[in-house]
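**Student:** The following block contains the structure, expressed as structure tokens.
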Amino acid sequence: MTTLNTTLPARVSPLVGLRQTASLAWRGLVQIRHNPMELGDLSFQPIMFVLLFTYLFGGAVMGDPVKYLQFMLPGIIVQSGLMATMNTGMGLSTDLHKGFFDRLQSLPIARWSPLAGRVVSDVVKQGWSMTILLATGYLIGFRATQGVVAVLAAFGLMLTFSLLASWFAVFCGTIADEPEKVMMYGFTAIFPLSFLSNAYVPTATLPGWLQAFVKINPVTQLGDALRGLLTGGPVAQHALLGLLGGLVIAVICAPLALLRLKRR
Amino acid sequence: MTKAIVAEGLVKSFGQTKALDGVDLAVSSGTVLGLLGPNGAGKTTAVRILATLLAPDAGMARVGGLDVVKDAHRVRSLIGLTGQYASVDESLTGAENLRLLGRLLGMSRPDARARAAELLRGFHLDDAADRAAKTYSGGMRRRLDLAASLIGRPKLLFLDEPTTGLDPRARNEVWEIVRGLVAEGVTVLLTTQYLDEADQLAGEIVVIDHGRVIASGTPAELKRQTGAQVLAVRPLLDGDTEKVRAVVAELAAKAELENGFITARVTDPAVLPAVVRRLDDAGVTVGELALRTSTLDEVFLALTGHRAEDSVEVTK
């Protein structure tokens, strides 16, 4: 038996790992078929946010809803992207508690593929939400002025940031003793981060002490980079600072999350 | 006979709690080992270590001749795991769950589909194949869990309390499946809280308590050691109690009076007709007479002198 078993492969090749990741990402997406509510969450929520902010605050903040929409839509994209990363944490927490994670860990598959599969399917879902946000904005007057390539770059930038930031969600998923708590932890961090930024209001209108925080907030930087790509303005420095923020989140949270998973 | 599973001196602590405190195990190829113990005894921790989900603090374990820590990936391609954890994705259908696992194990799409269909049919789940697993009954869920662990035709199967919470019919179905697998040559390590279950399925039983092995042997040996059955007699008339006690004491080791019943641990089933004959000879009218299997509690009492405590289960 011993001689026989040592001829088995001792690890998974990266290519096979990617295929396993694809299978697990499929799993995350096929769930939508059984739970159409999830698609609703991914679609109606963005529509509602855009309409609500545009027509409720547009007049007050900038005297004109469409002018405000042009300013604020990139900000909504960042906030809803950050919120969406929490789905990754919720899903992971559910897998941990329902035992599906252990099932996967007992299979001869790449150690990283369950997590990667989940993240990939969530990034796809997030791309969908971002499309809905832009489409809704377009219908009520938002115009991307920098061309198709810039719009695609905006998608790329936002999804890359989400990939990095989702490590925070993954960490929340590993520490929450029930899936619902993940959302609680997540919102506690994401609400202040996304509102204490220039996502919804120009920085100049804020008191000085608040401006100091708003300016270093990665949400501000990323929002400005998206503004640059969608409606014109400087991009490179904001994008780099935004991604740097995401990287800091990942560098802090990823080792903690992996340690938690290993020590269970 | 080759040993499919060997563990020596397994130790695992979680903070202050010592879940395993030096456990040795050996399972011969093609046999069933029953790991018996109350909640919190360390059964689940032992299975998690053997299934490569957890590294032991000390000791070593080999599955299929491979070290579970150093050769974890290879071990994983030999084993199947079913239990309280190691479940399925409830939001997917039964068929989707099985196809996903088939794909993860490297099957082509048509192969995964065919294997899933085969298992669903074999486990009488074909009618529910396209329903989300969360709509399944307890028995169906357990059968799907089992099917999920069999996708890759594992040579070794870990079943962690496979029938806990099932009704007798569903439990029998699971037992039949396990017997079928053993007939095909699969080695099974089964944890259970039920002596009855270990007796039904296992060729050898290891009893653990507080992370230590406290007894082991074939079911017959264990029964000899502990008195596997309990004889209970209640005379119709209270006045006959002493006569009954005398009769039972002659045939069994220790007769005790308990709620109007004279009870005694017995190992020989022939005791029952003998008791009936002697009671009849003594002119005692029997109100109730029973020979029942010892509960795990009684086995524990016999082995350890303390009852199986209902401590908090250590599952992590």
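By order in the structure tokens, chains are A, B, ...; within a chain, residues start at 1; ligands start at 1, following the order shown.
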Could you pull the residues within 8 Å of stretch 125-138 of chain A, counting only C-alpha atoms, minus those fewer than 5 positions along the same chain, as a PyMOL selection string?
**Tutor:** chain A and resi 29+42-43+46-47+50+69+73+77+81+84+143+155+159
**Student:** Those same residues - all heavy atoms - I'd like them written as a compact mmCIF listing (two decimals), in the first residue's frame.
**Tutor:**
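File written: out26.txt
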```txt
# COMPACT_ATOMS: atom_id res chain seq x y z
N LEU A 29 -21.47 31.45 -8.55
CA LEU A 29 -22.36 32.13 -9.50
C LEU A 29 -23.65 31.35 -9.73
O LEU A 29 -24.72 31.95 -9.90
CB LEU A 29 -21.63 32.32 -10.83
CG LEU A 29 -20.43 33.28 -10.74
CD1 LEU A 29 -19.66 33.31 -12.05
CD2 LEU A 29 -20.89 34.68 -10.35
N LEU A 42 -27.92 42.59 -5.91
CA LEU A 42 -26.81 43.10 -6.70
C LEU A 42 -27.26 44.18 -7.69
O LEU A 42 -26.46 44.94 -8.18
CB LEU A 42 -26.16 41.96 -7.48
CG LEU A 42 -25.42 40.91 -6.66
CD1 LEU A 42 -25.04 39.72 -7.52
CD2 LEU A 42 -24.16 41.51 -6.05
N SER A 43 -28.57 44.22 -7.99
CA SER A 43 -29.05 45.14 -9.02
C SER A 43 -29.87 46.30 -8.45
O SER A 43 -29.61 47.46 -8.76
CB SER A 43 -29.92 44.38 -10.04
OG SER A 43 -29.29 43.20 -10.44
N PRO A 46 -27.91 49.05 -6.12
CA PRO A 46 -27.21 50.12 -6.83
C PRO A 46 -28.17 51.13 -7.47
O PRO A 46 -27.96 52.35 -7.36
CB PRO A 46 -26.44 49.37 -7.93
CG PRO A 46 -26.32 47.98 -7.46
CD PRO A 46 -27.48 47.71 -6.57
N ILE A 47 -29.25 50.63 -8.08
CA ILE A 47 -30.21 51.54 -8.72
C ILE A 47 -30.79 52.49 -7.68
O ILE A 47 -30.85 53.71 -7.88
CB ILE A 47 -31.36 50.73 -9.39
CG1 ILE A 47 -30.79 49.89 -10.54
CG2 ILE A 47 -32.46 51.65 -9.88
CD1 ILE A 47 -31.79 48.95 -11.18
N VAL A 50 -28.29 55.17 -6.49
CA VAL A 50 -28.05 56.23 -7.47
C VAL A 50 -29.22 57.20 -7.50
O VAL A 50 -29.05 58.43 -7.41
CB VAL A 50 -27.81 55.64 -8.88
CG1 VAL A 50 -27.73 56.76 -9.91
CG2 VAL A 50 -26.53 54.82 -8.88
N LEU A 69 -24.80 64.22 -9.77
CA LEU A 69 -24.62 62.83 -10.21
C LEU A 69 -23.26 62.66 -10.86
O LEU A 69 -22.54 61.68 -10.58
CB LEU A 69 -25.73 62.49 -11.23
CG LEU A 69 -25.63 61.11 -11.90
CD1 LEU A 69 -25.85 60.00 -10.89
CD2 LEU A 69 -26.66 60.99 -13.02
N LEU A 73 -21.30 59.84 -8.68
CA LEU A 73 -21.39 58.44 -9.12
C LEU A 73 -20.09 57.66 -8.90
O LEU A 73 -20.13 56.53 -8.40
CB LEU A 73 -21.83 58.36 -10.59
CG LEU A 73 -22.22 56.93 -11.04
CD1 LEU A 73 -23.48 56.46 -10.32
CD2 LEU A 73 -22.43 56.86 -12.54
N ILE A 77 -19.68 54.21 -6.59
CA ILE A 77 -19.05 52.98 -7.09
C ILE A 77 -18.06 52.44 -6.06
O ILE A 77 -18.03 51.25 -5.77
CB ILE A 77 -18.35 53.25 -8.45
CG1 ILE A 77 -19.41 53.46 -9.52
CG2 ILE A 77 -17.43 52.09 -8.82
CD1 ILE A 77 -18.85 53.86 -10.88
N GLY A 81 -18.66 49.06 -3.95
CA GLY A 81 -17.63 48.04 -4.13
C GLY A 81 -17.10 47.54 -2.79
O GLY A 81 -16.95 46.34 -2.57
N ALA A 84 -19.66 45.42 -1.14
CA ALA A 84 -19.81 44.12 -1.79
C ALA A 84 -18.73 43.14 -1.34
O ALA A 84 -18.96 41.93 -1.33
CB ALA A 84 -19.77 44.27 -3.31
N ARG A 143 -22.55 61.13 -17.75
CA ARG A 143 -21.82 60.92 -18.99
C ARG A 143 -20.35 60.66 -18.69
O ARG A 143 -19.69 61.48 -18.05
CB ARG A 143 -21.94 62.14 -19.91
CG ARG A 143 -23.32 62.35 -20.51
CD ARG A 143 -23.70 61.18 -21.45
NE ARG A 143 -25.09 61.30 -21.91
CZ ARG A 143 -26.13 60.69 -21.31
NH1 ARG A 143 -25.93 59.92 -20.28
NH2 ARG A 143 -27.36 60.85 -21.79
N PHE A 155 -13.10 50.11 -14.40
CA PHE A 155 -13.49 48.78 -13.92
C PHE A 155 -12.27 48.04 -13.35
O PHE A 155 -12.32 47.51 -12.25
CB PHE A 155 -14.09 47.94 -15.08
CG PHE A 155 -15.57 48.09 -15.22
CD1 PHE A 155 -16.10 49.10 -16.03
CD2 PHE A 155 -16.43 47.24 -14.57
CE1 PHE A 155 -17.47 49.24 -16.17
CE2 PHE A 155 -17.81 47.38 -14.71
CZ PHE A 155 -18.33 48.38 -15.51
N LEU A 159 -11.98 46.93 -9.45
CA LEU A 159 -11.99 45.51 -9.09
C LEU A 159 -10.66 45.09 -8.46
O LEU A 159 -10.63 44.26 -7.55
CB LEU A 159 -12.32 44.65 -10.32
CG LEU A 159 -13.74 44.90 -10.89
CD1 LEU A 159 -14.01 43.99 -12.07
CD2 LEU A 159 -14.82 44.72 -9.83
```
**Student:** Could you list, with a cut-off of 10 Å and counting only C-alpha atoms, the residues of chain B near chain A, each shown with its nearest atom pair and the distance in Å rounded to one decimal, rows sorted by chain and ascending number, as a tab-separated table?
**Tutor:**
```
residue	atom	partner	partner_atom	distance
B:Thr2	CA	A:Met1	CA	8.0
B:Lys3	CA	A:Met1	CA	9.3
B:Ala4	CA	A:Met1	CA	8.4
B:Phe14	CA	A:Arg264	CA	9.4
B:Ser29	CA	A:Met1	CA	9.7
B:Arg48	CA	A:Asp102	CA	9.2
B:Ala51	CA	A:Ser106	CA	6.4
B:Thr52	CA	A:Ser106	CA	6.7
B:Leu53	CA	A:Ser106	CA	6.5
B:Leu54	CA	A:Arg264	CA	7.9
B:Ala55	CA	A:Arg263	CA	9.1
B:Val63	CA	A:Thr2	CA	9.5
B:Gly64	CA	A:Met1	CA	6.4
B:Gly65	CA	A:Thr2	CA	4.8
B:Leu66	CA	A:Thr2	CA	6.9
B:Lys70	CA	A:Ala10	CA	9.7
B:Asp71	CA	A:Ala10	CA	7.0
B:Ala72	CA	A:Ala10	CA	8.2
B:His73	CA	A:Pro108	CA	5.6
B:Arg74	CA	A:Ala10	CA	5.6
B:Val75	CA	A:Pro108	CA	8.0
B:Arg76	CA	A:Pro108	CA	4.9
B:Ser77	CA	A:Pro108	CA	5.2
B:Leu78	CA	A:Asn5	CA	8.4
B:Ile79	CA	A:Ser106	CA	8.0
B:Gly80	CA	A:Ser106	CA	7.7
B:Leu81	CA	A:Ser106	CA	7.1
B:Thr82	CA	A:Arg103	CA	8.0
B:Gly83	CA	A:Gly99	CA	8.6
B:Gln84	CA	A:Gly99	CA	7.3
B:Tyr85	CA	A:Gly99	CA	4.0
B:Ala86	CA	A:Arg103	CA	4.0
B:Ser87	CA	A:Phe100	CA	5.0
B:Val88	CA	A:Phe100	CA	5.3
B:Asp89	CA	A:Phe100	CA	6.0
B:Glu90	CA	A:Lys98	CA	8.4
B:Ser91	CA	A:Gln31	CA	6.2
B:Leu92	CA	A:Gln31	CA	6.3
B:Thr93	CA	A:His34	CA	8.6
B:Glu96	CA	A:Arg27	CA	8.4
B:Asn97	CA	A:Arg27	CA	8.6
B:Arg99	CA	A:Ser23	CA	9.7
B:Leu100	CA	A:Ser23	CA	6.7
B:Leu101	CA	A:Leu104	CA	8.5
B:Gly102	CA	A:Ser23	CA	9.9
B:Arg103	CA	A:Ser23	CA	6.9
B:Leu104	CA	A:Gln20	CA	5.5
B:Leu105	CA	A:Pro108	CA	7.1
B:Gly106	CA	A:Gln20	CA	8.3
B:Arg131	CA	A:His34	CA	9.1
B:Ala132	CA	A:His34	CA	7.4
B:Asp145	CA	A:Arg103	CA	9.6
B:Ala148	CA	A:Arg103	CA	8.9
B:Ser149	CA	A:Arg103	CA	8.3
B:Gly152	CA	A:Leu107	CA	9.5
B:Thr315	CA	A:Arg264	CA	9.9
B:Lys316	CA	A:Arg264	CA	6.2
```
**Student:** I need the chosen residues saved as a PDB file, in the first residue's frame, with C-alpha atoms.
**Tutor:**
```pdb
ATOM      1  CA  THR B   2      -1.912  -4.211   6.564  1.00  0.00           C
ATOM      2  CA  LYS B   3      -2.907  -1.305   8.688  1.00  0.00           C
ATOM      3  CA  ALA B   4      -4.817   1.313   6.708  1.00  0.00           C
ATOM      4  CA  PHE B  14      -7.259  23.878  22.426  1.00  0.00           C
ATOM      5  CA  SER B  29      -7.427  -2.589   5.714  1.00  0.00           C
ATOM      6  CA  ARG B  48     -10.032  15.844  11.973  1.00  0.00           C
ATOM      7  CA  ALA B  51      -8.418  13.612   7.724  1.00  0.00           C
ATOM      8  CA  THR B  52      -5.593  16.232   7.572  1.00  0.00           C
ATOM      9  CA  LEU B  53      -7.845  19.089   8.713  1.00  0.00           C
ATOM     10  CA  LEU B  54      -5.869  19.588  11.890  1.00  0.00           C
ATOM     11  CA  ALA B  55      -2.228  19.040  12.824  1.00  0.00           C
ATOM     12  CA  VAL B  63      -3.249   6.912   6.618  1.00  0.00           C
ATOM     13  CA  GLY B  64      -2.634   4.474   3.779  1.00  0.00           C
ATOM     14  CA  GLY B  65       0.996   4.403   4.879  1.00  0.00           C
ATOM     15  CA  LEU B  66       1.336   8.175   4.453  1.00  0.00           C
ATOM     16  CA  LYS B  70       4.025  15.625   5.818  1.00  0.00           C
ATOM     17  CA  ASP B  71       2.081  13.917   3.064  1.00  0.00           C
ATOM     18  CA  ALA B  72      -1.281  15.578   3.658  1.00  0.00           C
ATOM     19  CA  HIS B  73      -2.067  16.144   0.006  1.00  0.00           C
ATOM     20  CA  ARG B  74      -1.599  12.476  -0.897  1.00  0.00           C
ATOM     21  CA  VAL B  75      -3.632  11.387   2.102  1.00  0.00           C
ATOM     22  CA  ARG B  76      -6.471  13.584   0.857  1.00  0.00           C
ATOM     23  CA  SER B  77      -6.646  11.708  -2.412  1.00  0.00           C
ATOM     24  CA  LEU B  78      -7.218   8.455  -0.507  1.00  0.00           C
ATOM     25  CA  ILE B  79      -9.905   9.498   1.927  1.00  0.00           C
ATOM     26  CA  GLY B  80     -13.557  10.422   2.071  1.00  0.00           C
ATOM     27  CA  LEU B  81     -14.985  12.386   4.963  1.00  0.00           C
ATOM     28  CA  THR B  82     -18.535  12.701   6.231  1.00  0.00           C
ATOM     29  CA  GLY B  83     -19.625  14.262   9.437  1.00  0.00           C
ATOM     30  CA  GLN B  84     -21.134  17.019  11.448  1.00  0.00           C
ATOM     31  CA  TYR B  85     -18.782  19.224   9.485  1.00  0.00           C
ATOM     32  CA  ALA B  86     -17.654  18.195   5.983  1.00  0.00           C
ATOM     33  CA  SER B  87     -21.085  18.843   4.609  1.00  0.00           C
ATOM     34  CA  VAL B  88     -22.437  20.145   1.324  1.00  0.00           C
ATOM     35  CA  ASP B  89     -23.354  23.585  -0.007  1.00  0.00           C
ATOM     36  CA  GLU B  90     -26.974  23.971   1.016  1.00  0.00           C
ATOM     37  CA  SER B  91     -27.807  26.504  -1.653  1.00  0.00           C
ATOM     38  CA  LEU B  92     -26.812  24.142  -4.457  1.00  0.00           C
ATOM     39  CA  THR B  93     -28.912  21.172  -5.557  1.00  0.00           C
ATOM     40  CA  GLU B  96     -24.766  20.323  -8.432  1.00  0.00           C
ATOM     41  CA  ASN B  97     -22.984  19.527  -5.187  1.00  0.00           C
ATOM     42  CA  ARG B  99     -20.877  17.466  -9.880  1.00  0.00           C
ATOM     43  CA  LEU B 100     -18.837  20.257  -8.305  1.00  0.00           C
ATOM     44  CA  LEU B 101     -16.924  17.772  -6.162  1.00  0.00           C
ATOM     45  CA  GLY B 102     -16.382  15.523  -9.179  1.00  0.00           C
ATOM     46  CA  ARG B 103     -14.953  18.447 -11.127  1.00  0.00           C
ATOM     47  CA  LEU B 104     -12.701  19.380  -8.209  1.00  0.00           C
ATOM     48  CA  LEU B 105     -11.385  15.829  -8.179  1.00  0.00           C
ATOM     49  CA  GLY B 106     -10.351  16.230 -11.790  1.00  0.00           C
ATOM     50  CA  ARG B 131     -33.705  20.515  -5.435  1.00  0.00           C
ATOM     51  CA  ALA B 132     -31.555  22.725  -3.222  1.00  0.00           C
ATOM     52  CA  ASP B 145     -23.190  13.971   2.627  1.00  0.00           C
ATOM     53  CA  ALA B 148     -20.366  13.588  -1.509  1.00  0.00           C
ATOM     54  CA  SER B 149     -17.586  11.782   0.322  1.00  0.00           C
ATOM     55  CA  GLY B 152     -13.679   9.916  -5.756  1.00  0.00           C
ATOM     56  CA  THR B 315     -15.534  20.187  17.655  1.00  0.00           C
ATOM     57  CA  LYS B 316     -12.845  22.595  16.641  1.00  0.00           C
TER      58      LYS B 316
END
```
**Student:** Could you please write out, as a PyMOL selection string, every residue of stretch 124-173 of chain A that DSSP assigns to helix (DSSP H, G or I)?
**Tutor:** chain A and resi 124-139+148-173
**Student:** Excluding A:Arg227 and its own-chain neighbours fewer than 2 positions away, which residues fall within 12 Å of it when counting only C-alpha atoms? Please give them as JSON, numbers by chain.
**Tutor:** {"A": [69, 70, 71, 72, 73, 74, 75, 76, 77, 78, 142, 143, 144, 145, 146, 150, 151, 153, 154, 157, 158, 198, 199, 219, 220, 221, 222, 223, 224, 225, 229, 230, 231, 232, 233, 234, 235, 236, 238, 239]}
**Student:** List the spatial neighbours of stretch 256-269 of chain B as a ChimeraX atom specification - criterion: any atom at most 10 Å away, only C-alpha atoms, same-chain residues fewer than 2 positions off excluded.
**Tutor:** /B:220,223-236,238,241-242,244-246,248-249,251-254,271-274,287-294,298,302
**Student:** Determine, counting only C-alpha atoms, which protein, DNA and RNA residues have an atom within 10 Å of an atom of B:Leu201; residues of the same chain fewer than 4 positions away are not included. Present the result as a PDB file with N, CA and C atoms, in the first residue's frame.
**Tutor:**
```pdb
ATOM      1  N   THR B  31     -11.522  -3.131   7.116  1.00  0.00           N
ATOM      2  CA  THR B  31     -12.364  -3.363   8.300  1.00  0.00           C
ATOM      3  C   THR B  31     -12.995  -2.053   8.769  1.00  0.00           C
ATOM      4  N   VAL B  32     -13.877  -2.155   9.749  1.00  0.00           N
ATOM      5  CA  VAL B  32     -14.506  -0.980  10.338  1.00  0.00           C
ATOM      6  C   VAL B  32     -14.068  -0.856  11.785  1.00  0.00           C
ATOM      7  N   LEU B  33     -13.530   0.304  12.118  1.00  0.00           N
ATOM      8  CA  LEU B  33     -13.220   0.575  13.517  1.00  0.00           C
ATOM      9  C   LEU B  33     -14.251   1.563  14.046  1.00  0.00           C
ATOM     10  N   GLY B  34     -14.854   1.219  15.169  1.00  0.00           N
ATOM     11  CA  GLY B  34     -15.802   2.130  15.798  1.00  0.00           C
ATOM     12  C   GLY B  34     -15.109   2.892  16.909  1.00  0.00           C
ATOM     13  N   TRP B 175     -26.702   2.648   7.706  1.00  0.00           N
ATOM     14  CA  TRP B 175     -25.972   1.421   8.058  1.00  0.00           C
ATOM     15  C   TRP B 175     -25.821   0.517   6.843  1.00  0.00           C
ATOM     16  N   GLU B 176     -26.910   0.392   6.075  1.00  0.00           N
ATOM     17  CA  GLU B 176     -26.860  -0.468   4.883  1.00  0.00           C
ATOM     18  C   GLU B 176     -25.797   0.036   3.898  1.00  0.00           C
ATOM     19  N   VAL B 178     -23.129   1.771   4.598  1.00  0.00           N
ATOM     20  CA  VAL B 178     -21.795   1.509   5.144  1.00  0.00           C
ATOM     21  C   VAL B 178     -21.424   0.036   4.946  1.00  0.00           C
ATOM     22  N   ARG B 179     -22.375  -0.859   5.196  1.00  0.00           N
ATOM     23  CA  ARG B 179     -22.099  -2.288   5.008  1.00  0.00           C
ATOM     24  C   ARG B 179     -21.737  -2.578   3.558  1.00  0.00           C
ATOM     25  N   VAL B 182     -18.167  -1.494   2.895  1.00  0.00           N
ATOM     26  CA  VAL B 182     -17.195  -2.408   3.498  1.00  0.00           C
ATOM     27  C   VAL B 182     -17.088  -3.670   2.648  1.00  0.00           C
ATOM     28  N   VAL B 188     -13.189   1.693   7.002  1.00  0.00           N
ATOM     29  CA  VAL B 188     -14.026   2.737   7.595  1.00  0.00           C
ATOM     30  C   VAL B 188     -13.616   3.010   9.039  1.00  0.00           C
ATOM     31  N   LEU B 190     -15.324   4.963  12.075  1.00  0.00           N
ATOM     32  CA  LEU B 190     -16.638   5.497  12.378  1.00  0.00           C
ATOM     33  C   LEU B 190     -16.656   5.998  13.818  1.00  0.00           C
ATOM     34  N   ASP B 196     -24.764   0.511  20.274  1.00  0.00           N
ATOM     35  CA  ASP B 196     -25.524  -0.278  19.335  1.00  0.00           C
ATOM     36  C   ASP B 196     -24.962  -0.149  17.907  1.00  0.00           C
ATOM     37  N   GLU B 197     -24.671   1.101  17.527  1.00  0.00           N
ATOM     38  CA  GLU B 197     -24.184   1.361  16.173  1.00  0.00           C
ATOM     39  C   GLU B 197     -22.799   0.752  15.964  1.00  0.00           C
ATOM     40  N   ILE B 205     -13.774  -2.040  18.318  1.00  0.00           N
ATOM     41  CA  ILE B 205     -14.251  -0.804  18.936  1.00  0.00           C
ATOM     42  C   ILE B 205     -13.163  -0.232  19.838  1.00  0.00           C
ATOM     43  N   PRO B 219     -16.391  -6.148  19.511  1.00  0.00           N
ATOM     44  CA  PRO B 219     -17.618  -5.922  20.294  1.00  0.00           C
ATOM     45  C   PRO B 219     -17.829  -7.019  21.327  1.00  0.00           C
TER      46      PRO B 219
END
```
**Student:** What is the atom CA of A:Gly228 to atom CA of A:Val149 distance in Å?
**Tutor:** 12.5 Å
